[in-house]
>>> print(open('model-v1.cif').read())   # mmCIF, C-alpha atoms
data_work
loop_
_atom_site.group_PDB
_atom_site.id
_atom_site.type_symbol
_atom_site.label_atom_id
_atom_site.label_comp_id
_atom_site.auth_asym_id
_atom_site.auth_seq_id
_atom_site.Cartn_x
_atom_site.Cartn_y
_atom_site.Cartn_z
ATOM 1 C CA MET A 372 11.966 -6.228 -62.047
ATOM 2 C CA GLN A 373 13.467 -4.580 -59.032
ATOM 3 C CA SER A 374 11.068 -4.206 -56.120
ATOM 4 C CA PRO A 375 10.549 -0.680 -54.800
ATOM 5 C CA ARG A 376 12.844 0.216 -51.952
ATOM 6 C CA LYS A 377 11.247 0.908 -48.599
ATOM 7 C CA GLU A 378 12.637 3.453 -46.232
ATOM 8 C CA LEU A 379 12.292 3.131 -42.470
ATOM 9 C CA VAL A 380 12.241 6.433 -40.631
ATOM 10 C CA ILE A 381 12.756 6.376 -36.863
ATOM 11 C CA THR A 382 11.260 9.352 -35.082
ATOM 12 C CA ALA A 383 11.084 10.363 -31.446
ATOM 13 C CA GLY A 384 7.359 9.871 -31.320
ATOM 14 C CA SER A 385 6.313 13.462 -30.734
ATOM 15 C CA GLN A 386 2.633 12.589 -30.669
ATOM 16 C CA SER A 387 1.315 11.146 -27.454
ATOM 17 C CA GLY A 388 -0.305 8.121 -29.122
ATOM 18 C CA GLN A 389 2.888 7.260 -30.988
ATOM 19 C CA TYR A 390 4.905 7.567 -27.769
ATOM 20 C CA TRP A 391 2.770 5.060 -25.904
ATOM 21 C CA ARG A 392 2.933 2.691 -28.862
ATOM 22 C CA ASP A 393 6.709 3.016 -28.726
ATOM 23 C CA LEU A 394 6.617 2.043 -25.068
ATOM 24 C CA TRP A 395 4.892 -1.203 -25.988
ATOM 25 C CA GLN A 396 7.284 -1.879 -28.864
ATOM 26 C CA TYR A 397 10.280 -1.402 -26.562
ATOM 27 C CA ARG A 398 8.890 -3.608 -23.807
ATOM 28 C CA GLU A 399 11.783 -6.078 -24.236
ATOM 29 C CA LEU A 400 14.206 -3.292 -23.358
ATOM 30 C CA PHE A 401 12.185 -2.718 -20.184
ATOM 31 C CA TYR A 402 12.550 -6.411 -19.257
ATOM 32 C CA PHE A 403 16.268 -6.345 -20.066
ATOM 33 C CA LEU A 404 17.014 -3.266 -17.956
ATOM 34 C CA ALA A 405 15.028 -4.586 -14.994
ATOM 35 C CA TRP A 406 16.652 -8.029 -15.149
ATOM 36 C CA ARG A 407 20.118 -6.515 -15.570
ATOM 37 C CA ASP A 408 19.675 -4.314 -12.488
ATOM 38 C CA ILE A 409 18.438 -7.279 -10.441
ATOM 39 C CA LEU A 410 21.525 -9.298 -11.387
ATOM 40 C CA VAL A 411 23.894 -6.395 -10.727
ATOM 41 C CA ARG A 412 22.338 -5.670 -7.334
ATOM 42 C CA TYR A 413 22.942 -9.153 -5.957
ATOM 43 C CA LYS A 414 25.974 -10.248 -7.965
ATOM 44 C CA GLN A 415 29.078 -11.026 -5.866
ATOM 45 C CA THR A 416 27.226 -10.515 -2.589
ATOM 46 C CA VAL A 417 27.746 -12.882 0.312
ATOM 47 C CA ILE A 418 24.121 -13.477 1.247
ATOM 48 C CA GLY A 419 22.527 -12.474 -2.076
ATOM 49 C CA MET A 420 18.842 -11.575 -1.982
ATOM 50 C CA ALA A 421 18.806 -11.906 1.794
ATOM 51 C CA TRP A 422 19.835 -8.230 1.833
ATOM 52 C CA ALA A 423 16.244 -7.456 0.860
ATOM 53 C CA LEU A 424 15.242 -9.148 4.138
ATOM 54 C CA VAL A 425 17.992 -7.897 6.453
ATOM 55 C CA ARG A 426 17.448 -4.154 6.027
ATOM 56 C CA PRO A 427 13.692 -3.981 6.733
ATOM 57 C CA PHE A 428 13.995 -6.600 9.470
ATOM 58 C CA LEU A 429 16.629 -4.624 11.411
ATOM 59 C CA THR A 430 14.636 -1.411 10.964
ATOM 60 C CA MET A 431 11.551 -3.189 12.284
ATOM 61 C CA VAL A 432 13.478 -4.422 15.340
ATOM 62 C CA VAL A 433 14.731 -0.902 16.150
ATOM 63 C CA PHE A 434 11.278 0.677 15.752
ATOM 64 C CA THR A 435 9.666 -2.045 17.851
ATOM 65 C CA ILE A 436 12.138 -1.456 20.682
ATOM 66 C CA VAL A 437 11.945 2.345 20.552
ATOM 67 C CA PHE A 438 8.234 2.913 19.904
ATOM 68 C CA GLY A 439 6.731 -0.321 21.215
ATOM 69 C CA ASN A 440 8.837 -1.189 24.263
ATOM 70 C CA LEU A 441 10.211 2.181 25.382
ATOM 71 C CA ALA A 442 7.562 4.691 24.262
ATOM 72 C CA LYS A 443 4.693 2.205 24.803
ATOM 73 C CA LEU A 444 2.729 3.484 21.824
ATOM 74 C CA PRO A 445 -0.549 1.714 20.956
ATOM 75 C CA SER A 446 -0.451 -1.055 18.363
ATOM 76 C CA ASP A 447 -4.092 -1.231 17.197
ATOM 77 C CA GLY A 448 -4.559 -4.507 19.038
ATOM 78 C CA VAL A 449 -1.903 -6.429 17.067
ATOM 79 C CA PRO A 450 1.708 -7.407 17.909
ATOM 80 C CA TYR A 451 3.886 -4.330 17.477
ATOM 81 C CA PRO A 452 6.382 -5.991 15.069
ATOM 82 C CA ILE A 453 3.517 -6.763 12.676
ATOM 83 C CA LEU A 454 2.219 -3.187 12.991
ATOM 84 C CA VAL A 455 5.657 -1.825 12.074
ATOM 85 C CA PHE A 456 6.394 -4.242 9.271
ATOM 86 C CA ALA A 457 3.011 -3.715 7.624
ATOM 87 C CA ALA A 458 4.176 -0.108 7.189
ATOM 88 C CA MET A 459 7.805 -0.976 6.420
ATOM 89 C CA LEU A 460 6.790 -2.835 3.265
ATOM 90 C CA PRO A 461 5.279 0.144 1.376
ATOM 91 C CA TRP A 462 7.750 2.633 2.817
ATOM 92 C CA GLN A 463 10.818 0.559 1.887
ATOM 93 C CA PHE A 464 9.429 0.129 -1.628
ATOM 94 C CA PHE A 465 8.730 3.863 -1.982
ATOM 95 C CA SER A 466 12.063 5.059 -0.590
ATOM 96 C CA SER A 467 14.099 2.553 -2.612
ATOM 97 C CA SER A 468 12.187 3.546 -5.747
ATOM 98 C CA LEU A 469 13.023 7.220 -5.206
ATOM 99 C CA THR A 470 16.706 6.454 -4.770
ATOM 100 C CA GLU A 471 17.004 4.075 -7.714
ATOM 101 C CA SER A 472 14.828 5.929 -10.208
ATOM 102 C CA SER A 473 16.384 9.332 -9.468
ATOM 103 C CA ASN A 474 19.804 7.975 -10.474
ATOM 104 C CA SER A 475 18.584 5.718 -13.290
ATOM 105 C CA LEU A 476 19.021 8.190 -16.157
ATOM 106 C CA ILE A 477 22.523 9.161 -15.034
ATOM 107 C CA THR A 478 23.496 5.500 -14.649
ATOM 108 C CA ASN A 479 22.301 4.738 -18.197
ATOM 109 C CA ALA A 480 23.770 7.890 -19.750
ATOM 110 C CA ASN A 481 25.689 5.977 -22.433
ATOM 111 C CA LEU A 482 22.543 4.218 -23.625
ATOM 112 C CA ILE A 483 20.426 7.375 -23.586
ATOM 113 C CA SER A 484 22.950 9.440 -25.566
ATOM 114 C CA LYS A 485 23.331 6.860 -28.368
ATOM 115 C CA VAL A 486 19.942 5.442 -29.351
ATOM 116 C CA TYR A 487 16.313 6.480 -29.300
ATOM 117 C CA PHE A 488 13.798 4.744 -27.097
ATOM 118 C CA PRO A 489 11.116 6.082 -24.740
ATOM 119 C CA ARG A 490 13.157 7.301 -21.768
ATOM 120 C CA LEU A 491 10.234 6.529 -19.488
ATOM 121 C CA ILE A 492 11.396 2.917 -19.627
ATOM 122 C CA VAL A 493 14.517 3.640 -17.573
ATOM 123 C CA PRO A 494 13.047 4.980 -14.279
ATOM 124 C CA THR A 495 10.058 2.610 -14.425
ATOM 125 C CA SER A 496 12.361 -0.397 -14.798
ATOM 126 C CA ALA A 497 14.239 0.828 -11.699
ATOM 127 C CA VAL A 498 10.944 0.921 -9.793
ATOM 128 C CA MET A 499 10.219 -2.634 -10.933
ATOM 129 C CA VAL A 500 13.528 -3.795 -9.422
ATOM 130 C CA CYS A 501 12.487 -2.270 -6.099
ATOM 131 C CA PHE A 502 9.149 -4.031 -6.419
ATOM 132 C CA VAL A 503 11.024 -7.353 -6.556
ATOM 133 C CA ASP A 504 12.660 -6.403 -3.235
ATOM 134 C CA PHE A 505 9.191 -5.582 -1.930
ATOM 135 C CA LEU A 506 7.940 -9.063 -2.783
ATOM 136 C CA ILE A 507 10.979 -10.687 -1.166
ATOM 137 C CA SER A 508 10.533 -8.604 1.993
ATOM 138 C CA GLY A 509 6.964 -9.854 2.244
ATOM 139 C CA ILE A 510 8.448 -13.168 3.408
ATOM 140 C CA ILE A 511 9.267 -11.513 6.744
ATOM 141 C CA LEU A 512 5.653 -10.428 7.202
ATOM 142 C CA LEU A 513 4.467 -13.977 6.565
ATOM 143 C CA GLY A 514 7.034 -15.225 9.082
ATOM 144 C CA LEU A 515 5.872 -12.724 11.716
ATOM 145 C CA MET A 516 2.251 -13.699 11.227
ATOM 146 C CA ALA A 517 3.143 -17.367 11.632
ATOM 147 C CA TRP A 518 5.266 -16.612 14.726
ATOM 148 C CA TYR A 519 2.475 -14.671 16.449
ATOM 149 C CA ASN A 520 -0.242 -16.980 15.074
ATOM 150 C CA TYR A 521 -1.922 -13.967 13.487
ATOM 151 C CA VAL A 522 -4.415 -14.645 10.683
ATOM 152 C CA PRO A 523 -5.640 -11.735 8.514
ATOM 153 C CA ASN A 524 -9.312 -11.411 7.658
ATOM 154 C CA TRP A 525 -11.088 -10.718 4.358
ATOM 155 C CA ARG A 526 -9.464 -7.278 4.077
ATOM 156 C CA ILE A 527 -6.271 -8.892 2.814
ATOM 157 C CA LEU A 528 -8.045 -9.308 -0.530
ATOM 158 C CA THR A 529 -7.909 -5.513 -0.990
ATOM 159 C CA LEU A 530 -4.113 -5.409 -0.626
ATOM 160 C CA PRO A 531 -3.448 -5.351 -4.422
ATOM 161 C CA LEU A 532 -5.386 -2.070 -4.588
ATOM 162 C CA PHE A 533 -3.080 -0.415 -2.054
ATOM 163 C CA ILE A 534 -0.030 -1.926 -3.752
ATOM 164 C CA ALA A 535 -1.183 -0.254 -6.978
ATOM 165 C CA ILE A 536 -1.544 3.087 -5.162
ATOM 166 C CA GLY A 537 1.955 2.713 -3.706
ATOM 167 C CA PHE A 538 3.263 1.827 -7.164
ATOM 168 C CA ALA A 539 1.685 4.993 -8.616
ATOM 169 C CA ALA A 540 3.225 7.127 -5.854
ATOM 170 C CA ALA A 541 6.666 5.585 -6.427
ATOM 171 C CA ILE A 542 6.564 6.085 -10.204
ATOM 172 C CA GLY A 543 5.182 9.627 -9.981
ATOM 173 C CA ALA A 544 7.782 10.838 -7.481
ATOM 174 C CA GLY A 545 10.527 8.854 -9.234
ATOM 175 C CA LEU A 546 9.821 10.516 -12.600
ATOM 176 C CA TRP A 547 9.996 13.966 -11.031
ATOM 177 C CA LEU A 548 13.321 13.256 -9.358
ATOM 178 C CA ALA A 549 14.802 11.443 -12.367
ATOM 179 C CA ALA A 550 14.141 14.415 -14.646
ATOM 180 C CA LEU A 551 15.299 16.961 -12.068
ATOM 181 C CA ASN A 552 18.468 14.993 -11.404
ATOM 182 C CA VAL A 553 19.413 15.282 -15.074
ATOM 183 C CA LYS A 554 18.811 19.030 -15.181
ATOM 184 C CA TYR A 555 20.208 19.829 -11.728
ATOM 185 C CA ARG A 556 22.805 17.395 -10.410
ATOM 186 C CA ASP A 557 22.346 18.789 -6.889
ATOM 187 C CA PHE A 558 19.305 16.545 -6.537
ATOM 188 C CA ARG A 559 21.496 13.498 -5.970
ATOM 189 C CA TYR A 560 22.245 15.074 -2.579
ATOM 190 C CA VAL A 561 18.632 16.075 -1.989
ATOM 191 C CA VAL A 562 17.101 12.618 -2.507
ATOM 192 C CA PRO A 563 18.775 10.943 0.538
ATOM 193 C CA PHE A 564 17.519 13.824 2.689
ATOM 194 C CA ILE A 565 13.980 13.427 1.305
ATOM 195 C CA VAL A 566 14.056 9.700 2.063
ATOM 196 C CA GLN A 567 15.369 10.174 5.611
ATOM 197 C CA PHE A 568 13.010 13.041 6.407
ATOM 198 C CA GLY A 569 10.063 11.157 4.925
ATOM 199 C CA LEU A 570 10.712 8.196 7.218
ATOM 200 C CA TYR A 571 10.247 10.401 10.285
ATOM 201 C CA ILE A 572 7.085 12.150 9.091
ATOM 202 C CA SER A 573 5.415 8.945 7.865
ATOM 203 C CA PRO A 574 3.584 6.594 10.272
ATOM 204 C CA VAL A 575 6.080 3.748 9.916
ATOM 205 C CA GLY A 576 7.119 3.178 13.525
ATOM 206 C CA PHE A 577 3.754 4.183 14.969
ATOM 207 C CA SER A 578 0.065 4.215 14.122
ATOM 208 C CA SER A 579 -1.289 7.380 12.518
ATOM 209 C CA ALA A 580 -4.201 7.103 14.978
ATOM 210 C CA ILE A 581 -2.019 8.825 17.602
ATOM 211 C CA VAL A 582 -2.051 12.034 15.534
ATOM 212 C CA PRO A 583 -4.586 14.502 17.036
ATOM 213 C CA GLU A 584 -7.871 14.544 15.143
ATOM 214 C CA GLN A 585 -7.583 18.218 14.188
ATOM 215 C CA TRP A 586 -4.219 17.557 12.517
ATOM 216 C CA ARG A 587 -4.965 14.298 10.719
ATOM 217 C CA LEU A 588 -6.110 15.922 7.477
ATOM 218 C CA VAL A 589 -2.987 18.092 7.402
ATOM 219 C CA TYR A 590 -0.881 15.035 8.204
ATOM 220 C CA SER A 591 -2.426 13.281 5.197
ATOM 221 C CA LEU A 592 -0.789 15.829 2.896
ATOM 222 C CA ASN A 593 2.006 13.282 2.987
ATOM 223 C CA PRO A 594 0.767 10.866 0.267
ATOM 224 C CA MET A 595 2.448 7.900 1.947
ATOM 225 C CA VAL A 596 0.183 8.280 4.986
ATOM 226 C CA GLY A 597 -2.783 7.024 2.976
ATOM 227 C CA VAL A 598 -0.732 4.228 1.414
ATOM 228 C CA ILE A 599 0.618 3.021 4.768
ATOM 229 C CA ASP A 600 -2.779 3.260 6.474
ATOM 230 C CA GLY A 601 -4.251 1.289 3.582
ATOM 231 C CA PHE A 602 -1.650 -1.451 3.952
ATOM 232 C CA ARG A 603 -2.320 -1.706 7.692
ATOM 233 C CA TRP A 604 -6.074 -1.747 7.175
ATOM 234 C CA ALA A 605 -5.765 -4.591 4.662
ATOM 235 C CA ILE A 606 -3.144 -6.644 6.518
ATOM 236 C CA LEU A 607 -4.010 -6.135 10.190
ATOM 237 C CA GLY A 608 -7.815 -6.107 10.100
ATOM 238 C CA GLY A 609 -9.311 -5.950 13.592
ATOM 239 C CA ASP A 610 -9.038 -2.494 15.160
ATOM 240 C CA ALA A 611 -7.053 -1.017 12.254
ATOM 241 C CA SER A 612 -8.996 1.734 10.539
ATOM 242 C CA ILE A 613 -8.640 4.252 7.739
ATOM 243 C CA TYR A 614 -9.244 7.957 8.252
ATOM 244 C CA LEU A 615 -11.387 8.318 5.130
ATOM 245 C CA PRO A 616 -10.975 12.102 4.474
ATOM 246 C CA GLY A 617 -7.211 11.773 4.857
ATOM 247 C CA PHE A 618 -7.082 8.674 2.652
ATOM 248 C CA CYS A 619 -9.066 10.421 -0.094
ATOM 249 C CA LEU A 620 -6.699 13.389 0.126
ATOM 250 C CA SER A 621 -3.647 11.105 -0.105
ATOM 251 C CA LEU A 622 -5.218 9.262 -3.044
ATOM 252 C CA PHE A 623 -5.843 12.571 -4.834
ATOM 253 C CA LEU A 624 -2.254 13.681 -4.220
ATOM 254 C CA VAL A 625 -0.874 10.363 -5.515
ATOM 255 C CA GLY A 626 -2.924 10.819 -8.691
ATOM 256 C CA CYS A 627 -1.628 14.371 -9.105
ATOM 257 C CA LEU A 628 1.922 13.199 -8.450
ATOM 258 C CA LEU A 629 1.677 10.514 -11.128
ATOM 259 C CA ILE A 630 0.053 12.719 -13.777
ATOM 260 C CA THR A 631 2.357 15.693 -13.241
ATOM 261 C CA GLY A 632 5.375 13.390 -12.996
ATOM 262 C CA VAL A 633 4.644 11.875 -16.413
ATOM 263 C CA ARG A 634 3.968 15.289 -17.963
ATOM 264 C CA PHE A 635 7.093 16.872 -16.468
ATOM 265 C CA PHE A 636 9.243 13.926 -17.541
ATOM 266 C CA ARG A 637 7.841 14.020 -21.086
ATOM 267 C CA ALA A 638 8.375 17.793 -21.305
ATOM 268 C CA TYR A 639 12.121 17.491 -20.666
ATOM 269 C CA GLU A 640 12.691 14.058 -22.187
ATOM 270 C CA ARG A 641 13.950 15.387 -25.525
ATOM 271 C CA SER A 642 16.791 17.306 -23.880
ATOM 272 C CA PHE A 643 18.129 14.392 -21.786
ATOM 273 C CA ALA A 644 20.599 13.187 -24.421
ATOM 274 C CA ASP A 645 22.017 16.722 -24.796
ATOM 275 C CA VAL A 646 22.593 17.540 -21.142
ATOM 276 C CA ILE A 647 23.255 14.135 -19.584
#
>>> encode(input="model-v1.cif", output="C-alpha cells")
Amino acid sequence: MQSPRKELVITAGSQSGQYWRDLWQYRELFYFLAWRDILVRYKQTVIGMAWALVRPFLTMVVFTIVFGNLAKLPSDGVPYPILVFAAMLPWQFFSSSLTESSNSLITNANLISKVYFPRLIVPTSAVMVCFVDFLISGIILLGLMAWYNYVPNWRILTLPLFIAIGFAAAIGAGLWLAALNVKYRDFRYVVPFIVQFGLYISPVGFSSAIVPEQWRLVYSLNPMVGVIDGFRWAILGGDASIYLPGFCLSLFLVGCLLITGVRFFRAYERSFADVI
C-alpha cells in the first residue's frame, strides 16, 4: 500500500511568530554568513587580524595628542589614552556596524533574490563580524591598563550590560540603514558622512563632563553618549560618573531605535528581492 504523499509548503512567514521561528531554524545560515565575512575580511592581508588593533590604536594616539597634550582637557583622573580607548571600543563597534550592515543586503543580492530566508539574518550577521573586531580591539585596552598599572574596580562587572546596549544601538541603526540603502541607493554615500559626523559629536576624544550642565540633556539626544559614558563608568571607575537623566534618555532612544528599526525592516523586507 502506497503511503500518502506529504507536501512541504515554504512560505515567507507572514505572521510574526512564524517569522521568529524561521530565524531560529535558519541559525546555521547566520553562522555561515558571519564566518564567511570574517574570513573574507582578513584573507590575503599582510598582518591579518592586527588591522582590528591598528585602526583604533592610531585613532587613540591622535586623540590623545590633540585633546590630552595640546588642548589639556581633563581625563577624569585616569591616563588620557585609557580615557580615549574606553570610548573608542563602543564607537568603533557602532560605526563599523553601520558601515557593514548598511551594505550587507546589497552585497548578498544574489542570495536574497534566489531563496527565502529571514532577511534580518544578513545585517545582524554583519554586526556580529564587527563585534569580533570589538573583542580583538579589547586587547589594546588590556595592554594600556597593564602599561599604566591601572586596575578597574567592581564596576567592570557591569560592562556586559553596556555592551548589550551598544549592540542594540548598532543593530537598530544598522537595520534602518540596510533597508534604506536597498530602497534608495544614495544612502551608501550618506553612511560615511553619518559615521564621520558622529565621531565629532560623540565624546570619544574627550569626557562628556566638559559639556555645560544646561546642555548635557540635549547632548544626550545622541544615543552613543549614554553608551560611551556607560563604558567609561564601568571601565575607569574612580572619578568617572554617569549623568543619569542623559543616560536614561540615551537608553530610551536606543530602545526606540531598535524597535523601530526591526519594524521598518520587516515592513519593507518582502520587496527586497524585487528591487535589489
>>> atom_distance(input="model-v1.cif", atom1="CA of Ser467 (chain A)", atom2="CA of Ala423 (chain A)")
10.8 Å
>>> resolve_selection(input="model-v1.cif", expression="the PyMOL selection byres ((chain A and resi 580) around 9)", output="PyMOL selection string")
chain A and resi 445+447+577-579+581-584+587+612-614
>>> write_last_selection(input="model-v1.cif", atoms="C-alpha atoms", output="compact mmCIF listing (two decimals), keeping the file's coordinate frame")
# COMPACT_ATOMS: atom_id res chain seq x y z
CA PRO A 445 -0.55 1.71 20.96
CA ASP A 447 -4.09 -1.23 17.20
CA PHE A 577 3.75 4.18 14.97
CA SER A 578 0.06 4.22 14.12
CA SER A 579 -1.29 7.38 12.52
CA ILE A 581 -2.02 8.82 17.60
CA VAL A 582 -2.05 12.03 15.53
CA PRO A 583 -4.59 14.50 17.04
CA GLU A 584 -7.87 14.54 15.14
CA ARG A 587 -4.96 14.30 10.72
CA SER A 612 -9.00 1.73 10.54
CA ILE A 613 -8.64 4.25 7.74
CA TYR A 614 -9.24 7.96 8.25
>>> closest_atom_pairs(input="model-v1.cif", of="region 540-621 of chain A", to="region 470-491 of chain A", cutoff="10 Å", atoms="all atoms listed in the file", output="JSON lines")
{"residue": "A:Ala541", "atom": "CA", "partner": "A:Ser472", "partner_atom": "CA", "distance": 9.0}
{"residue": "A:Ile542", "atom": "CA", "partner": "A:Ser472", "partner_atom": "CA", "distance": 8.3}
{"residue": "A:Ala544", "atom": "CA", "partner": "A:Ser473", "partner_atom": "CA", "distance": 9.0}
{"residue": "A:Gly545", "atom": "CA", "partner": "A:Ser472", "partner_atom": "CA", "distance": 5.3}
{"residue": "A:Leu546", "atom": "CA", "partner": "A:Ser472", "partner_atom": "CA", "distance": 7.2}
{"residue": "A:Trp547", "atom": "CA", "partner": "A:Ser473", "partner_atom": "CA", "distance": 8.0}
{"residue": "A:Leu548", "atom": "CA", "partner": "A:Ser473", "partner_atom": "CA", "distance": 5.0}
{"residue": "A:Ala549", "atom": "CA", "partner": "A:Ser473", "partner_atom": "CA", "distance": 3.9}
{"residue": "A:Ala550", "atom": "CA", "partner": "A:Ser473", "partner_atom": "CA", "distance": 7.6}
{"residue": "A:Leu551", "atom": "CA", "partner": "A:Ser473", "partner_atom": "CA", "distance": 8.1}
{"residue": "A:Asn552", "atom": "CA", "partner": "A:Ser473", "partner_atom": "CA", "distance": 6.3}
{"residue": "A:Val553", "atom": "CA", "partner": "A:Ile477", "partner_atom": "CA", "distance": 6.9}
{"residue": "A:Arg556", "atom": "CA", "partner": "A:Ile477", "partner_atom": "CA", "distance": 9.4}
{"residue": "A:Phe558", "atom": "CA", "partner": "A:Ser473", "partner_atom": "CA", "distance": 8.3}
{"residue": "A:Arg559", "atom": "CA", "partner": "A:Asn474", "partner_atom": "CA", "distance": 7.3}
{"residue": "A:Val562", "atom": "CA", "partner": "A:Thr470", "partner_atom": "CA", "distance": 6.6}
{"residue": "A:Pro563", "atom": "CA", "partner": "A:Thr470", "partner_atom": "CA", "distance": 7.3}
{"residue": "A:Ile565", "atom": "CA", "partner": "A:Thr470", "partner_atom": "CA", "distance": 9.6}
{"residue": "A:Val566", "atom": "CA", "partner": "A:Thr470", "partner_atom": "CA", "distance": 8.0}
>>> atom_distance(input="model-v1.cif", atom1="CA of Leu515 (chain A)", atom2="CA of Asp600 (chain A)")
18.9 Å
>>> closest_residue(input="model-v1.cif", among="A:Val596, A:Met516, A:Ala421, A:Val589", to="Pro450 (chain A)", atoms="all atoms listed in the file")
A:Met516
>>> atom_distance(input="model-v1.cif", atom1="CA of Cys627 (chain A)", atom2="CA of Ala540 (chain A)")
9.3 Å
